[in-house]
>>> print(open('my_file_6.cif').read())   # mmCIF, C-alpha atoms, pLDDT in the B column; chains and numbers go by the auth columns
data_work
#
loop_
_atom_site.group_PDB
_atom_site.id
_atom_site.type_symbol
_atom_site.label_atom_id
_atom_site.label_comp_id
_atom_site.label_asym_id
_atom_site.label_seq_id
_atom_site.Cartn_x
_atom_site.Cartn_y
_atom_site.Cartn_z
_atom_site.B_iso_or_equiv
_atom_site.auth_seq_id
_atom_site.auth_asym_id
ATOM 1 C CA MET A 1 13.798 19.029 24.687 44.00 5 A
ATOM 2 C CA PRO A 2 16.368 21.714 25.585 48.00 6 A
ATOM 3 C CA GLU A 3 14.860 25.125 26.176 51.00 7 A
ATOM 4 C CA GLY A 4 14.856 27.320 23.097 52.00 8 A
ATOM 5 C CA GLN A 5 15.084 24.357 20.710 55.00 9 A
ATOM 6 C CA PRO A 6 12.258 24.228 18.204 54.00 10 A
ATOM 7 C CA GLU A 7 9.922 21.241 18.356 61.00 11 A
ATOM 8 C CA PRO A 8 11.005 18.714 15.761 88.00 12 A
ATOM 9 C CA VAL A 9 9.174 18.772 12.441 96.00 13 A
ATOM 10 C CA VAL A 10 9.177 15.786 10.090 96.00 14 A
ATOM 11 C CA LEU A 11 9.005 16.035 6.323 97.00 15 A
ATOM 12 C CA TYR A 12 7.929 12.749 4.770 98.00 16 A
ATOM 13 C CA VAL A 13 8.892 12.363 1.112 98.00 17 A
ATOM 14 C CA CYS A 14 7.289 9.620 -0.962 97.00 18 A
ATOM 15 C CA THR A 15 10.120 7.952 -2.847 96.00 19 A
ATOM 16 C CA THR A 16 7.894 5.638 -4.873 93.00 20 A
ATOM 17 C CA CYS A 17 5.997 8.420 -6.670 93.00 21 A
ATOM 18 C CA ARG A 18 6.363 8.040 -10.431 91.00 22 A
ATOM 19 C CA ALA A 19 5.994 10.900 -12.895 86.00 23 A
ATOM 20 C CA GLU A 20 5.120 10.672 -16.575 84.00 24 A
ATOM 21 C CA GLY A 21 8.252 9.889 -18.506 83.00 25 A
ATOM 22 C CA ASP A 22 9.999 8.110 -15.629 87.00 26 A
ATOM 23 C CA GLY A 23 12.263 5.498 -17.188 86.00 27 A
ATOM 24 C CA ASP A 24 14.628 2.984 -15.651 85.00 28 A
ATOM 25 C CA GLY A 25 16.453 5.625 -13.585 87.00 29 A
ATOM 26 C CA PRO A 26 15.469 6.914 -10.157 92.00 30 A
ATOM 27 C CA ARG A 27 11.758 7.626 -9.804 94.00 31 A
ATOM 28 C CA ALA A 28 10.436 11.165 -9.527 96.00 32 A
ATOM 29 C CA GLY A 29 9.926 10.723 -5.778 96.00 33 A
ATOM 30 C CA ALA A 30 13.531 9.651 -5.255 97.00 34 A
ATOM 31 C CA ARG A 31 14.694 12.619 -7.351 96.00 35 A
ATOM 32 C CA LEU A 32 12.553 14.966 -5.252 97.00 36 A
ATOM 33 C CA LEU A 33 14.099 13.552 -2.070 98.00 37 A
ATOM 34 C CA ALA A 34 17.585 14.099 -3.474 97.00 38 A
ATOM 35 C CA SER A 35 16.842 17.690 -4.469 97.00 39 A
ATOM 36 C CA ILE A 36 15.324 18.450 -1.032 97.00 40 A
ATOM 37 C CA GLU A 37 18.345 16.971 0.752 97.00 41 A
ATOM 38 C CA LYS A 38 20.706 18.943 -1.469 97.00 42 A
ATOM 39 C CA ALA A 39 18.841 22.195 -0.825 96.00 43 A
ATOM 40 C CA LEU A 40 18.712 21.550 2.941 96.00 44 A
ATOM 41 C CA ALA A 41 22.460 20.883 3.007 96.00 45 A
ATOM 42 C CA GLU A 42 22.916 24.427 1.698 94.00 46 A
ATOM 43 C CA THR A 43 20.232 26.124 3.836 91.00 47 A
ATOM 44 C CA PRO A 44 19.235 23.916 6.802 93.00 48 A
ATOM 45 C CA VAL A 45 15.896 24.286 8.585 93.00 49 A
ATOM 46 C CA PRO A 46 16.502 23.972 12.352 91.00 50 A
ATOM 47 C CA GLY A 47 14.592 21.084 13.932 91.00 51 A
ATOM 48 C CA LEU A 48 13.594 19.520 10.602 95.00 52 A
ATOM 49 C CA ARG A 49 14.008 15.796 9.998 95.00 53 A
ATOM 50 C CA VAL A 50 13.513 14.393 6.493 97.00 54 A
ATOM 51 C CA GLU A 51 12.138 10.875 6.271 96.00 55 A
ATOM 52 C CA PRO A 52 11.784 8.898 3.028 97.00 56 A
ATOM 53 C CA VAL A 53 8.538 6.896 2.847 97.00 57 A
ATOM 54 C CA GLU A 54 7.475 4.137 0.514 95.00 58 A
ATOM 55 C CA CYS A 55 4.081 5.390 -0.667 95.00 59 A
ATOM 56 C CA LEU A 56 1.859 8.006 0.910 97.00 60 A
ATOM 57 C CA SER A 57 -1.083 6.625 -1.153 96.00 61 A
ATOM 58 C CA VAL A 58 -1.449 9.786 -3.245 96.00 62 A
ATOM 59 C CA CYS A 59 -0.326 7.970 -6.381 92.00 63 A
ATOM 60 C CA LYS A 60 -2.528 9.998 -8.749 92.00 64 A
ATOM 61 C CA ARG A 61 -0.908 13.332 -7.861 95.00 65 A
ATOM 62 C CA PRO A 62 2.900 12.846 -7.791 95.00 66 A
ATOM 63 C CA CYS A 63 5.189 13.959 -6.292 97.00 67 A
ATOM 64 C CA THR A 64 3.937 13.889 -2.740 97.00 68 A
ATOM 65 C CA VAL A 65 5.181 14.981 0.682 98.00 69 A
ATOM 66 C CA ALA A 66 3.667 15.268 4.147 98.00 70 A
ATOM 67 C CA VAL A 67 4.713 17.456 7.025 98.00 71 A
ATOM 68 C CA ALA A 68 3.995 16.739 10.675 97.00 72 A
ATOM 69 C CA GLY A 69 5.110 17.837 14.108 94.00 73 A
ATOM 70 C CA ALA A 70 4.167 17.434 17.746 89.00 74 A
ATOM 71 C CA ASP A 71 0.947 19.321 18.547 91.00 75 A
ATOM 72 C CA ARG A 72 0.711 20.496 14.928 95.00 76 A
ATOM 73 C CA TRP A 73 -1.720 19.822 12.113 97.00 77 A
ATOM 74 C CA THR A 74 -0.325 17.361 9.567 97.00 78 A
ATOM 75 C CA TYR A 75 -0.470 18.442 5.911 98.00 79 A
ATOM 76 C CA VAL A 76 -0.170 16.331 2.765 98.00 80 A
ATOM 77 C CA TYR A 77 0.815 17.973 -0.519 98.00 81 A
ATOM 78 C CA GLY A 78 0.886 16.640 -4.074 97.00 82 A
ATOM 79 C CA ASP A 79 1.494 17.776 -7.670 97.00 83 A
ATOM 80 C CA LEU A 80 5.082 18.692 -6.744 97.00 84 A
ATOM 81 C CA ASP A 81 7.712 18.903 -9.466 96.00 85 A
ATOM 82 C CA PRO A 82 10.647 16.588 -8.627 95.00 86 A
ATOM 83 C CA GLU A 83 13.276 18.969 -9.943 92.00 87 A
ATOM 84 C CA ALA A 84 11.911 22.460 -9.295 95.00 88 A
ATOM 85 C CA SER A 85 9.860 22.328 -6.108 96.00 89 A
ATOM 86 C CA ALA A 86 12.493 21.817 -3.387 97.00 90 A
ATOM 87 C CA PRO A 87 12.935 25.551 -2.605 95.00 91 A
ATOM 88 C CA THR A 88 9.165 26.011 -2.406 95.00 92 A
ATOM 89 C CA ILE A 89 8.735 23.000 -0.131 97.00 93 A
ATOM 90 C CA ILE A 90 11.511 24.201 2.152 96.00 94 A
ATOM 91 C CA GLU A 91 10.020 27.696 2.313 96.00 95 A
ATOM 92 C CA GLY A 92 6.635 26.197 3.218 96.00 96 A
ATOM 93 C CA ILE A 93 8.201 23.980 5.881 96.00 97 A
ATOM 94 C CA ARG A 94 10.072 26.923 7.329 95.00 98 A
ATOM 95 C CA LEU A 95 6.785 28.797 7.775 96.00 99 A
ATOM 96 C CA TYR A 96 5.152 25.662 9.226 96.00 100 A
ATOM 97 C CA ALA A 97 8.042 25.136 11.652 94.00 101 A
ATOM 98 C CA GLY A 98 7.622 28.723 12.817 93.00 102 A
ATOM 99 C CA THR A 99 4.066 28.127 14.045 94.00 103 A
ATOM 100 C CA ALA A 100 2.930 26.417 17.232 93.00 104 A
ATOM 101 C CA ASP A 101 0.036 24.532 15.616 95.00 105 A
ATOM 102 C CA GLY A 102 1.129 24.106 11.996 95.00 106 A
ATOM 103 C CA LEU A 103 -1.494 26.524 10.672 96.00 107 A
ATOM 104 C CA VAL A 104 0.163 28.949 8.267 96.00 108 A
ATOM 105 C CA PRO A 105 -2.183 31.707 7.065 95.00 109 A
ATOM 106 C CA TRP A 106 -3.510 30.887 3.582 93.00 110 A
ATOM 107 C CA ARG A 107 -2.041 33.943 1.893 94.00 111 A
ATOM 108 C CA ALA A 108 1.405 33.303 3.362 95.00 112 A
ATOM 109 C CA ARG A 109 1.611 29.771 1.976 95.00 113 A
ATOM 110 C CA PRO A 110 3.624 29.101 -1.185 94.00 114 A
ATOM 111 C CA GLU A 111 1.314 28.754 -4.202 93.00 115 A
ATOM 112 C CA ALA A 112 2.346 25.113 -4.688 94.00 116 A
ATOM 113 C CA PHE A 113 1.073 24.386 -1.159 95.00 117 A
ATOM 114 C CA ARG A 114 -2.204 26.247 -1.747 94.00 118 A
ATOM 115 C CA LYS A 115 -2.916 24.400 -5.005 95.00 119 A
ATOM 116 C CA GLY A 116 -1.364 21.077 -4.072 96.00 120 A
ATOM 117 C CA VAL A 117 -2.968 20.438 -0.695 97.00 121 A
ATOM 118 C CA ILE A 118 -4.265 16.863 -0.563 97.00 122 A
ATOM 119 C CA ALA A 119 -5.450 16.697 3.050 98.00 123 A
ATOM 120 C CA ARG A 120 -4.803 17.914 6.566 98.00 124 A
ATOM 121 C CA ILE A 121 -5.241 16.078 9.858 97.00 125 A
ATOM 122 C CA PRO A 122 -5.593 17.701 13.289 96.00 126 A
ATOM 123 C CA PRO A 123 -3.014 17.221 16.030 94.00 127 A
ATOM 124 C CA ARG A 124 -3.967 14.268 18.185 83.00 128 A
ATOM 125 C CA ALA A 125 -5.111 15.473 21.581 72.00 129 A
ATOM 126 C CA SER A 126 -3.563 13.553 24.453 52.00 130 A
ATOM 127 C CA ALA A 127 -6.026 10.905 25.563 42.00 131 A
ATOM 128 C CA MET B 1 -3.082 2.929 29.917 44.00 23 B
ATOM 129 C CA PRO B 2 -4.505 0.016 31.951 48.00 24 B
ATOM 130 C CA GLU B 3 -3.208 -3.355 30.830 51.00 25 B
ATOM 131 C CA GLY B 4 -5.412 -5.037 28.261 52.00 26 B
ATOM 132 C CA GLN B 5 -7.040 -1.774 27.170 55.00 27 B
ATOM 133 C CA PRO B 6 -6.694 -1.088 23.456 54.00 28 B
ATOM 134 C CA GLU B 7 -4.716 1.976 22.423 61.00 29 B
ATOM 135 C CA PRO B 8 -7.136 4.805 21.648 88.00 30 B
ATOM 136 C CA VAL B 9 -8.034 5.356 18.007 96.00 31 B
ATOM 137 C CA VAL B 10 -9.446 8.640 16.760 97.00 32 B
ATOM 138 C CA LEU B 11 -11.881 8.965 13.873 97.00 33 B
ATOM 139 C CA TYR B 12 -11.958 12.505 12.510 98.00 34 B
ATOM 140 C CA VAL B 13 -15.092 13.368 10.568 98.00 35 B
ATOM 141 C CA CYS B 14 -15.153 16.474 8.394 97.00 36 B
ATOM 142 C CA THR B 15 -18.409 18.238 9.182 96.00 37 B
ATOM 143 C CA THR B 16 -18.000 20.960 6.551 94.00 38 B
ATOM 144 C CA CYS B 17 -17.978 18.591 3.555 93.00 39 B
ATOM 145 C CA ARG B 18 -20.763 19.499 1.141 91.00 40 B
ATOM 146 C CA ALA B 19 -22.315 17.059 -1.310 86.00 41 B
ATOM 147 C CA GLU B 20 -24.131 17.873 -4.529 84.00 42 B
ATOM 148 C CA GLY B 21 -27.698 18.763 -3.706 83.00 43 B
ATOM 149 C CA ASP B 22 -26.949 19.991 -0.178 87.00 44 B
ATOM 150 C CA GLY B 23 -29.507 22.662 0.606 86.00 45 B
ATOM 151 C CA ASP B 24 -30.077 24.777 3.681 85.00 46 B
ATOM 152 C CA GLY B 25 -30.177 21.770 6.000 88.00 47 B
ATOM 153 C CA PRO B 26 -27.225 20.035 7.629 92.00 48 B
ATOM 154 C CA ARG B 27 -24.295 19.500 5.294 94.00 49 B
ATOM 155 C CA ALA B 28 -23.338 16.041 4.076 96.00 50 B
ATOM 156 C CA GLY B 29 -20.411 15.971 6.520 96.00 51 B
ATOM 157 C CA ALA B 30 -22.643 16.724 9.476 97.00 52 B
ATOM 158 C CA ARG B 31 -25.093 14.047 8.304 96.00 53 B
ATOM 159 C CA LEU B 32 -22.241 11.543 8.039 97.00 54 B
ATOM 160 C CA LEU B 33 -21.148 12.375 11.590 98.00 55 B
ATOM 161 C CA ALA B 34 -24.693 11.839 12.847 97.00 56 B
ATOM 162 C CA SER B 35 -25.026 8.487 11.103 97.00 57 B
ATOM 163 C CA ILE B 36 -21.639 7.310 12.452 98.00 58 B
ATOM 164 C CA GLU B 37 -22.570 8.330 16.002 97.00 59 B
ATOM 165 C CA LYS B 38 -25.920 6.577 15.690 97.00 60 B
ATOM 166 C CA ALA B 39 -24.302 3.377 14.414 96.00 61 B
ATOM 167 C CA LEU B 40 -21.632 3.465 17.148 96.00 62 B
ATOM 168 C CA ALA B 41 -24.298 3.899 19.824 96.00 63 B
ATOM 169 C CA GLU B 42 -25.722 0.570 18.657 94.00 64 B
ATOM 170 C CA THR B 43 -22.421 -1.271 18.155 91.00 65 B
ATOM 171 C CA PRO B 44 -19.553 0.521 19.950 93.00 66 B
ATOM 172 C CA VAL B 45 -15.917 0.087 18.939 93.00 67 B
ATOM 173 C CA PRO B 46 -13.791 -0.199 22.120 91.00 68 B
ATOM 174 C CA GLY B 47 -11.157 2.528 22.391 91.00 69 B
ATOM 175 C CA LEU B 48 -12.578 4.626 19.544 95.00 70 B
ATOM 176 C CA ARG B 49 -13.068 8.363 19.944 95.00 71 B
ATOM 177 C CA VAL B 50 -14.997 10.308 17.274 97.00 72 B
ATOM 178 C CA GLU B 51 -13.924 13.892 16.718 96.00 73 B
ATOM 179 C CA PRO B 52 -15.734 16.348 14.416 97.00 74 B
ATOM 180 C CA VAL B 53 -13.351 18.530 12.399 97.00 75 B
ATOM 181 C CA GLU B 54 -13.982 21.674 10.400 95.00 76 B
ATOM 182 C CA CYS B 55 -12.346 20.800 7.078 95.00 77 B
ATOM 183 C CA LEU B 56 -9.804 18.106 6.338 97.00 78 B
ATOM 184 C CA SER B 57 -8.945 19.938 3.076 96.00 79 B
ATOM 185 C CA VAL B 58 -10.271 17.154 0.836 96.00 80 B
ATOM 186 C CA CYS B 59 -13.099 19.356 -0.420 92.00 81 B
ATOM 187 C CA LYS B 60 -13.192 17.813 -3.914 92.00 82 B
ATOM 188 C CA ARG B 61 -13.980 14.305 -2.667 95.00 83 B
ATOM 189 C CA PRO B 62 -16.707 14.566 0.012 95.00 84 B
ATOM 190 C CA CYS B 63 -17.460 13.114 2.470 97.00 85 B
ATOM 191 C CA THR B 64 -14.136 12.717 4.213 97.00 86 B
ATOM 192 C CA VAL B 65 -12.810 11.061 7.357 98.00 87 B
ATOM 193 C CA ALA B 66 -9.371 10.363 8.813 98.00 88 B
ATOM 194 C CA VAL B 67 -8.327 7.705 11.284 98.00 89 B
ATOM 195 C CA ALA B 68 -5.295 7.929 13.548 97.00 90 B
ATOM 196 C CA GLY B 69 -3.856 6.268 16.610 94.00 91 B
ATOM 197 C CA ALA B 70 -0.681 6.170 18.665 89.00 92 B
ATOM 198 C CA ASP B 71 2.118 4.375 16.796 91.00 93 B
ATOM 199 C CA ARG B 72 -0.224 3.754 13.863 95.00 94 B
ATOM 200 C CA TRP B 73 -0.297 4.996 10.281 97.00 95 B
ATOM 201 C CA THR B 74 -2.903 7.712 9.735 97.00 96 B
ATOM 202 C CA TYR B 75 -5.318 7.198 6.840 98.00 97 B
ATOM 203 C CA VAL B 76 -7.539 9.724 5.071 98.00 98 B
ATOM 204 C CA TYR B 77 -10.578 8.538 3.126 98.00 99 B
ATOM 205 C CA GLY B 78 -12.953 10.370 0.805 97.00 100 B
ATOM 206 C CA ASP B 79 -15.888 9.745 -1.567 97.00 101 B
ATOM 207 C CA LEU B 80 -17.948 8.504 1.376 97.00 102 B
ATOM 208 C CA ASP B 81 -21.736 8.551 1.160 96.00 103 B
ATOM 209 C CA PRO B 82 -23.201 10.543 4.072 95.00 104 B
ATOM 210 C CA GLU B 83 -26.159 8.240 4.527 93.00 105 B
ATOM 211 C CA ALA B 84 -24.930 4.770 3.575 95.00 106 B
ATOM 212 C CA SER B 85 -21.260 4.550 4.526 96.00 107 B
ATOM 213 C CA ALA B 86 -21.344 4.494 8.340 97.00 108 B
ATOM 214 C CA PRO B 87 -21.356 0.665 8.646 95.00 109 B
ATOM 215 C CA THR B 88 -18.461 0.402 6.191 95.00 110 B
ATOM 216 C CA ILE B 89 -16.438 3.048 7.995 97.00 111 B
ATOM 217 C CA ILE B 90 -17.023 1.380 11.340 96.00 112 B
ATOM 218 C CA GLU B 91 -16.009 -2.015 9.938 96.00 113 B
ATOM 219 C CA GLY B 92 -12.826 -0.474 8.524 96.00 114 B
ATOM 220 C CA ILE B 93 -12.041 1.234 11.833 96.00 115 B
ATOM 221 C CA ARG B 94 -12.624 -1.994 13.718 96.00 116 B
ATOM 222 C CA LEU B 95 -10.005 -3.723 11.540 96.00 117 B
ATOM 223 C CA TYR B 96 -7.635 -0.746 11.961 96.00 118 B
ATOM 224 C CA ALA B 97 -8.089 -0.763 15.735 94.00 119 B
ATOM 225 C CA GLY B 98 -7.214 -4.448 15.765 93.00 120 B
ATOM 226 C CA THR B 99 -3.737 -3.827 14.344 94.00 121 B
ATOM 227 C CA ALA B 100 -0.656 -2.544 16.148 93.00 122 B
ATOM 228 C CA ASP B 101 0.511 -0.293 13.304 95.00 123 B
ATOM 229 C CA GLY B 102 -2.711 0.610 11.465 95.00 124 B
ATOM 230 C CA LEU B 103 -1.821 -1.427 8.397 96.00 125 B
ATOM 231 C CA VAL B 104 -4.816 -3.554 7.410 96.00 126 B
ATOM 232 C CA PRO B 105 -4.057 -5.981 4.553 95.00 127 B
ATOM 233 C CA TRP B 106 -5.383 -4.589 1.262 93.00 128 B
ATOM 234 C CA ARG B 107 -7.778 -7.444 0.581 94.00 129 B
ATOM 235 C CA ALA B 108 -9.285 -7.209 4.058 95.00 130 B
ATOM 236 C CA ARG B 109 -10.170 -3.527 3.722 95.00 131 B
ATOM 237 C CA PRO B 110 -13.738 -2.519 2.874 94.00 132 B
ATOM 238 C CA GLU B 111 -14.065 -1.605 -0.799 93.00 133 B
ATOM 239 C CA ALA B 112 -14.925 2.001 0.074 94.00 134 B
ATOM 240 C CA PHE B 113 -11.574 2.283 1.876 95.00 135 B
ATOM 241 C CA ARG B 114 -9.664 0.726 -1.030 94.00 136 B
ATOM 242 C CA LYS B 115 -11.226 3.060 -3.590 95.00 137 B
ATOM 243 C CA GLY B 116 -11.538 6.125 -1.394 96.00 138 B
ATOM 244 C CA VAL B 117 -8.040 6.345 0.085 97.00 139 B
ATOM 245 C CA ILE B 118 -6.788 9.923 -0.161 97.00 140 B
ATOM 246 C CA ALA B 119 -3.477 9.645 1.672 98.00 141 B
ATOM 247 C CA ARG B 120 -1.656 7.860 4.470 98.00 142 B
ATOM 248 C CA ILE B 121 1.000 9.220 6.827 97.00 143 B
ATOM 249 C CA PRO B 122 3.478 7.136 8.829 96.00 144 B
ATOM 250 C CA PRO B 123 3.439 7.051 12.626 94.00 145 B
ATOM 251 C CA ARG B 124 5.776 9.691 13.983 83.00 146 B
ATOM 252 C CA ALA B 125 8.849 8.080 15.476 72.00 147 B
ATOM 253 C CA SER B 126 9.726 9.457 18.894 52.00 148 B
ATOM 254 C CA ALA B 127 12.443 12.057 18.463 42.00 149 B
#
>>> encode(input="my_file_6.cif", output="structure tokens")
Amino acid sequence: MPEGQPEPVVLYVCTTCRAEGDGDGPRAGARLLASIEKALAETPVPGLRVEPVECLSVCKRPCTVAVAGADRWTYVYGDLDPEASAPTIIEGIRLYAGTADGLVPWRARPEAFRKGVIARIPPRASA
Amino acid sequence: MPEGQPEPVVLYVCTTCRAEGDGDGPRAGARLLASIEKALAETPVPGLRVEPVECLSVCKRPCTVAVAGADRWTYVYGDLDPEASAPTIIEGIRLYAGTADGLVPWRARPEAFRKGVIARIPPRASA
């Protein structure tokens, strides 16, 4: 890792999430992925990698994403609107990427992250 | 890692989970941790490390655990009974530890893991 480069952060986006009213077109999860990628093309987050995933097993609270990074807590979020939530997600990720351990103070988190948190998992200590 | 040794697996147990009826004594999460440690003392799982955690943010579905391992999917489970579920959890972990990627076939999973899955997160690819 070159000095001064941020540690890479991964945003997992569930592309199989369905929302009420999903028809034959792209599922809500795929639409969320597209809107995140579009927003990131306009305002990139340094060190962020976006990874589509087939099912994060949070099927009852679509749409769903997870964010992880080396030595950071992993967070899973649900109840995300496929069309409207991309800016909020990116803002939350930007705050997350700016920490060493992934712990963003509660009050600083976007409301959608405070209400939509599904779970968090500690960083895995080196064995 | 010495040859032939299994990759280490970590079981995170939320010790702050409260169950209905919890009084002034140890919380349901702490009781679950104790019952898991007792069961593992009798029948150890090779390569398993148990780590107490203060809050996995699954507060609406106590008790909660997560299981993770190098190059494996991470799983989060909830709705676990603090007194009765230790043998089931250990059986599920044993199956998980026996895989390379953490993916245990659906039908092979203990029922409590099928019904109680909260989320899963992919292994983080090396950047």
>>> axis_aligned_box(input="my_file_6.cif", around="range 112-121 of chain B", padding_each_side="6 Å", output="JSON")
{"center_x": -10.4, "center_y": -1.5, "center_z": 12.1, "size_x": 25.3, "size_y": 17.8, "size_z": 19.2}
>>> residues_around(input="my_file_6.cif", residues="Val121 in chain A", least_positions_apart="6", cutoff="9 Å", atoms="only C-alpha atoms", output="PyMOL selection string")
(chain A and resi 79-83) or (chain B and resi 79-80)
>>> closest_residue(input="my_file_6.cif", among="A:Leu84, A:Val17, A:Ile93, A:Leu60", to="chain B", atoms="only C-alpha atoms")
A:Leu60
>>> interface_residues(input="my_file_6.cif", of="chain B", to="chain A", cutoff="10 Å", atoms="all atoms listed in the file", output="MDAnalysis selection string")
chainID B and resid 23 29:32 34 71 73 75:82 86:92 96:99 139:149
>>> atom_distance(input="my_file_6.cif", atom1="CA of Ser39 in chain A", atom2="CA of Leu15 in chain A")
13.4 Å
>>> resolve_selection(input="my_file_6.cif", expression="the PyMOL selection byres ((chain B and resi 133) around 12)", output="NGL selection string")
:B and (99 or 101-102 or 107 or 110-111 or 113-114 or 128-132 or 134-139)
>>> resolve_selection(input="my_file_6.cif", expression="the PyMOL selection byres ((chain A and resi 44) around 12)", output="number ranges by chain")
A: 15, 37-43, 45-54, 90-95, 97-98
>>> atom_distance(input="my_file_6.cif", atom1="CA of Thr19 in chain A", atom2="CA of Leu99 in chain A")
23.6 Å
>>> atom_distance(input="my_file_6.cif", atom1="CA of Asp75 in chain A", atom2="CA of Val108 in chain A")
14.1 Å
